[in-house]
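Okay, structure first, notes after.
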There are 4 protein chains.
Amino acid sequence: MASSPRSRLSREDRMEQMLDRAHNLFAERGYAAVTMDEIAAEAGITKPLIYNYFGNKEQLYIACMERSGDALVESISGAVADAEDPSAAFEAGVRAFFEFLDTDRDAWAVLFDETLPHGGEVIERVSVYRRQLRDFAAQSTLAGMPGKLRDRESVRTEVEAASTAVLGAAEAVARWWLQTGSITASEAADLLIATVEPGLRSRALGSSTP
Amino acid sequence: MASSPRSRLSREDRMEQMLDRAHNLFAERGYAAVTMDEIAAEAGITKPLIYNYFGNKEQLYIACMERSGDALVESISGAVADAEDPSAAFEAGVRAFFEFLDTDRDAWAVLFDETLPHGGEVIERVSVYRRQLRDFAAQSTLAGMPGKLRDRESVRTEVEAASTAVLGAAEAVARWWLQTGSITASEAADLLIATVEPGLRSRALGSSTP
Amino acid sequence: MASSPRSRLSREDRMEQMLDRAHNLFAERGYAAVTMDEIAAEAGITKPLIYNYFGNKEQLYIACMERSGDALVESISGAVADAEDPSAAFEAGVRAFFEFLDTDRDAWAVLFDETLPHGGEVIERVSVYRRQLRDFAAQSTLAGMPGKLRDRESVRTEVEAASTAVLGAAEAVARWWLQTGSITASEAADLLIATVEPGLRSRALGSSTP
Amino acid sequence: MASSPRSRLSREDRMEQMLDRAHNLFAERGYAAVTMDEIAAEAGITKPLIYNYFGNKEQLYIACMERSGDALVESISGAVADAEDPSAAFEAGVRAFFEFLDTDRDAWAVLFDETLPHGGEVIERVSVYRRQLRDFAAQSTLAGMPGKLRDRESVRTEVEAASTAVLGAAEAVARWWLQTGSITASEAADLLIATVEPGLRSRALGSSTP
DNA sequence: AATGAATGAGGTTTCATTCAT
DNA sequence: GATGAATGAAACCTCATTCAT
């Protein structure tokens with residue numbers, strides 16, 4: 001259950017190793033259900049060392065989550081930046097999203113853990129990443145829009161709603177896909193795109209609320 | 001804080017009253033953050049009585065949730081049934097969804113509580129309702145489809161993905177809407193419909209994945 | 001080590017019993033050195049019950065201390081009130097103080113525990129009693145003083161210093177007496193009185209600081 | 001926060017530096033509330049070095065305390081020795097006491113820390129100093145007494161009680177003075193002297209307890 | 001002369017749950 | 001039909017102290 005040769009590692013290596021194990025456990029069972037004792041046991045060390053390095057459970061979780069969050073955002077961000085036009089950017093972003101999850105399934109679980117306690121610092125930090133992801137969707141929607149529209153209050157609300165919807169859809173499809181696992185990342189991306197892109201495109205073109 | 005006249009009620013009345021209070025607390029703070037002590041105090045009774053009636057915390061939550069789940073499903077189901085064509089059915093369902101949330105926000109919070117512990121019975125039971133909701137979306141997609149297509153494996157997957165996406169989008173928009181609260185239920189419904197319906201329609205018409 | 005017949009007591013009896021045991025332990029070893037586990041074991045119950053009744057360790061200590069503090073203050077207060085003139089009042093108060101300690105040595109230890117953590121609620125509550133005791137000394141000093149003097153700032157300071165000194169002396173003698181235990185309470189009281197009363201009397205008569 | 005140039009010092013310099021920092025922390029927050037981690041951080045060195053030099057927390061505290069204790073005793077002792085008659089000696093001692101506290105408040109805090117754990121070695125060592133201080137008071141009392149009286153058991157007890165009272169009063173006034181800080185050291189000394197000297201003098205003259 | 005890494009042991013507190021009446 | 005009293009089990013966190021270099 002633990003890495004038996006309890007050797008002395010450098011601070012950095014130890015932190016990395018602890019993050020790996022913790023990430024794994026958090027991903028599997030959620031924040032609340034994982035105890036510091038388990039993490040310590042799994043890492044082959046004792047609890048105080050964790051506290052020494054990370055301060056407390058929340059900070060440890062945040063450290064796990066930020067590793068994943070940064071990687072995900074970077075991945076999407078890169079894909080989006082490389083795209084040639086807004087429509088392509090959206091597709092590229094979605095594809096990067098699913099590919100990332102495919103490569104690192106735990107990352108997803110930690111980033112979108114649904115058992116996070118309301119009102120703590122963790123949830124606040126997670127939101128930062130969620131907001132960044134939503135902004136990618138928002139960009140795609142805004143991009144196709146005439147400049148003069150963008151500043152209208154009603155439009156801003158509309159865009160926010162649309163990008164929230166898109167992110168929600170993406171999360172749900174991702175969850176479903178990771179659970180059933182019968183199709184590839186690319187297919188999952190296709191399915192999501194097929195479902196939400198028409199809506200985004202029509203919105204980008206003109207007004208939609210009466 | 002509690003219902004002062006702690007008179008002896010009939011079993012059913014007592015259960016109903018306990019459910020009301022518990023529902024309220026769960027909705028406000030989430031499953032994990034509510035303690036049995038609080039529920040008892042809030043309901044003006046003692047803990048053993050709760051255990052006597054509901055068995056344990058999970059069962060109590062399930063009881064709360066099912067009340068809401070049944071009501072929501074019924075509400076949507078009614079709206080969908082009354083609609084004239086599939087396209088109208090979808091819109092009617094979405095509107096019923098948002099109107100329901102508007103009327104009874106607590107119901108929503110309990111049904112879509114994100115802090116539910118992984119792997120317990122509760123989450124299983126919640127999924128039943130989520131699946132029912134997803135099926136409404138699926139119906140709309142399927143409805144417009146030629147019968148012979150419906151049985152193909154690839155199509156079934158596609159429909160499942162699409163309806164999962166739609167439900168995810170609906171949840172996300174609902175959460176966003178309830179948090180910001182700057183628009184009406186009807187407007188929120190419009191925004192969701194505008195975002196996802198084009199995708200559903202195009203899918204209903206023809207194949208999209210090779 | 002514990003009261004073996006772990007019977008069910010009424011809330012009041014149980015609280016009283018817990019206070020007795022806790023008081024004992026706190027008196028013997030000081031606040032910090034006593035653990036909740038020990039108190040529970042000593043009382044023949046489990047920790048949660050203590051928390052259920054007293055909230056936390058601090059509150060439990062405060063409950064112990066207030067029992068003693070009230071008794072002590074009442075005892076002195078009674079003696080002082082019954083005295084005929086200020087000089088007699090002081091002596092009566094000191095005698096009551098030492099007699100009280102003689103009857104209930106633990107009370108003293110809890111009230112004047114020197115290991116209390118700085119800055120907590122406990123120390124604040126203890127100070128209330130210490131201040132009350134100091135006020136008894138202050139009364140004796142003020143009583144013999146011409147009214148017109150009492151309001152002068154310099155006099156107020158003087159009186160405060162004198163009564164602080166007297167209380168300090170009383171505490172020290174009490175500690176010494178309880179430790180060595182070679183004389184009676186009455187003799188201890190005599191010794192204290194002989195040491196500080198001349199100073200109080202001379203002060204009461206006239207000005208002493210230029 | 002720490003002495004940055006972590007150069008290699010001679011053993012003695014290093015110890016001196018560590019004592020300074022530790023003393024400071026102990027004085028500010030009391031024995032129990034200071035952790036070895038803090039001391040190390042504050043001194044800009046690592047914990048093992050402290051253990052290497054002082055053995056453990058208790059010994060470190062003792063080392064701090066003895067520096068102060070020696071200085072205080074020396075200071076009073078010098079003042080007393082220089083005085084011309086017993087009465088003047090007492091006053092000189094008290095003045096030296098308050099002046100010392102005024103000059104070095106940290107010293108006082110460490111010597112009279114009230115949070116020292118019962119029954120440890122620390123408290124034993126502190127008592128040595130407290131006893132020395134008490135002996136100064138005892139000398140003043142004894143000095144004015146006829147030689148033949150001094151050996152009587154009852155007198156020895158009396159003198160011990162009186163000097164205990166005086167030291168207690170001095171500590172209390174000192175604490176009060178340092179807290180409120182509205183008067184000078186000299187005035188504080190005056191106030192204490194005015195309160196306790198009459199008692200000492202009357203005792204020195206004749207018997208008082210039957 | 002000094003360090004970075006690591007631990008043993010214990011402390012307070014919480015909570016779902018049951019016993020006995 | 002309902003209660004007051006009580007518990008088992010575990011969670012998070014801290015701190016003085018040592019090992020290996």
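Lettering and numbering for the structure tokens are positional, with chains as A, B, ... in the shown order, residues counted from 1 in each chain, and ligands counted from 1 in the shown order.
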
Write out as CSV the residues of chain F that have any atom within 9 Å of an atom of chain C, one row each with the nearest atom pair and its distance in Å to one decimal, counting only C-alpha atoms (C1' of nucleotides), sorted by chain and then rising number.
```
residue,atom,partner,partner_atom,distance
F:DG4,C1',C:Arg11,CA,8.2
F:DA5,C1',C:Arg8,CA,6.6
F:DA6,C1',C:Leu49,CA,6.8
F:DT7,C1',C:Thr46,CA,6.9
```

Could you write out the selected residues, including N, CA and C atoms (P, O5', C5', C4', C3', O3' and C1' of nucleotides), as a CSV table (one decimal), in the first residue's frame?
```
chain,number,residue,atom,x,y,z
F,4,DG,P,-35.8,15.3,26.4
F,4,DG,O5',-34.7,14.8,27.4
F,4,DG,C5',-35.2,14.2,28.7
F,4,DG,C4',-34.0,13.4,29.2
F,4,DG,C3',-32.7,14.1,29.2
F,4,DG,O3',-32.0,13.8,30.5
F,4,DG,C1',-32.5,12.1,28.0
F,5,DA,P,-30.5,14.2,30.6
F,5,DA,O5',-29.8,12.8,30.2
F,5,DA,C5',-30.1,11.7,31.1
F,5,DA,C4',-29.2,10.5,30.6
F,5,DA,C3',-27.7,10.9,30.7
F,5,DA,O3',-27.0,9.8,31.4
F,5,DA,C1',-28.2,10.1,28.5
F,6,DA,P,-25.5,9.9,31.6
F,6,DA,O5',-24.9,9.3,30.2
F,6,DA,C5',-25.0,7.9,30.1
F,6,DA,C4',-24.4,7.5,28.7
F,6,DA,C3',-23.0,7.9,28.5
F,6,DA,O3',-22.2,6.7,28.6
F,6,DA,C1',-24.4,8.2,26.5
F,7,DT,P,-20.6,6.8,28.4
F,7,DT,O5',-20.5,6.3,26.9
F,7,DT,C5',-21.3,5.2,26.5
F,7,DT,C4',-21.1,4.9,25.0
F,7,DT,C3',-19.6,5.0,24.6
F,7,DT,O3',-19.4,3.8,23.9
F,7,DT,C1',-20.9,6.3,23.2
```

Fill in: Interface, chain C side, toward chain E (10 Å; only C-alpha atoms (C1' of nucleotides)) as a PyMOL selection string
chain C and resi 8+35-37+47-48+51+55-57

Practice prompt. Considering only C-alpha atoms (C1' of nucleotides), return as a list in words whatever protein or nucleic-acid residues lie within 9 Å of Ala143 (chain D), sequence-local ones (same chain, fewer than 4 positions apart) excluded.
Written response: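 Residues meeting the cut-off are Asp85, Pro86, Ser87, Ala138, Gln139, Gly147 and Ala204 of chain D.
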
How about saving the chosen residues, N, CA and C atoms kept, as an mmCIF file, in the first residue's frame?
```
data_model
loop_
_atom_site.group_PDB
_atom_site.id
_atom_site.type_symbol
_atom_site.label_atom_id
_atom_site.label_comp_id
_atom_site.auth_asym_id
_atom_site.auth_seq_id
_atom_site.Cartn_x
_atom_site.Cartn_y
_atom_site.Cartn_z
ATOM 1 N N ASP D 85 21.878 51.136 57.250
ATOM 2 C CA ASP D 85 21.229 50.405 58.337
ATOM 3 C C ASP D 85 20.131 49.505 57.736
ATOM 4 N N PRO D 86 19.625 48.578 58.507
ATOM 5 C CA PRO D 86 18.641 47.607 57.996
ATOM 6 C C PRO D 86 17.445 48.267 57.327
ATOM 7 N N SER D 87 16.941 49.305 57.934
ATOM 8 C CA SER D 87 15.767 49.948 57.368
ATOM 9 C C SER D 87 16.095 50.510 55.981
ATOM 10 N N ALA D 138 13.701 38.897 54.422
ATOM 11 C CA ALA D 138 13.876 38.306 55.745
ATOM 12 C C ALA D 138 14.996 39.006 56.504
ATOM 13 N N GLN D 139 16.066 39.294 55.808
ATOM 14 C CA GLN D 139 17.184 39.978 56.460
ATOM 15 C C GLN D 139 16.749 41.285 57.104
ATOM 16 N N GLY D 147 19.136 39.284 69.102
ATOM 17 C CA GLY D 147 19.699 37.991 68.719
ATOM 18 C C GLY D 147 19.033 36.802 69.361
ATOM 19 N N ALA D 204 9.680 43.850 63.663
ATOM 20 C CA ALA D 204 11.072 43.822 64.095
ATOM 21 C C ALA D 204 11.196 44.231 65.565
#
```

Practice prompt. For region 70-83 of chain D, list every protein, DNA or RNA residue within 9 Å, evaluated using only C-alpha atoms (C1' of nucleotides), and leave out those in the same chain fewer than 3 positions away; present the list as JSON, numbers by chain.
Written response: {"D": [65, 66, 67, 86, 87, 88, 89, 90, 91, 92, 93, 94, 95, 96, 97, 100, 101, 107, 108, 129, 132, 133, 136]}
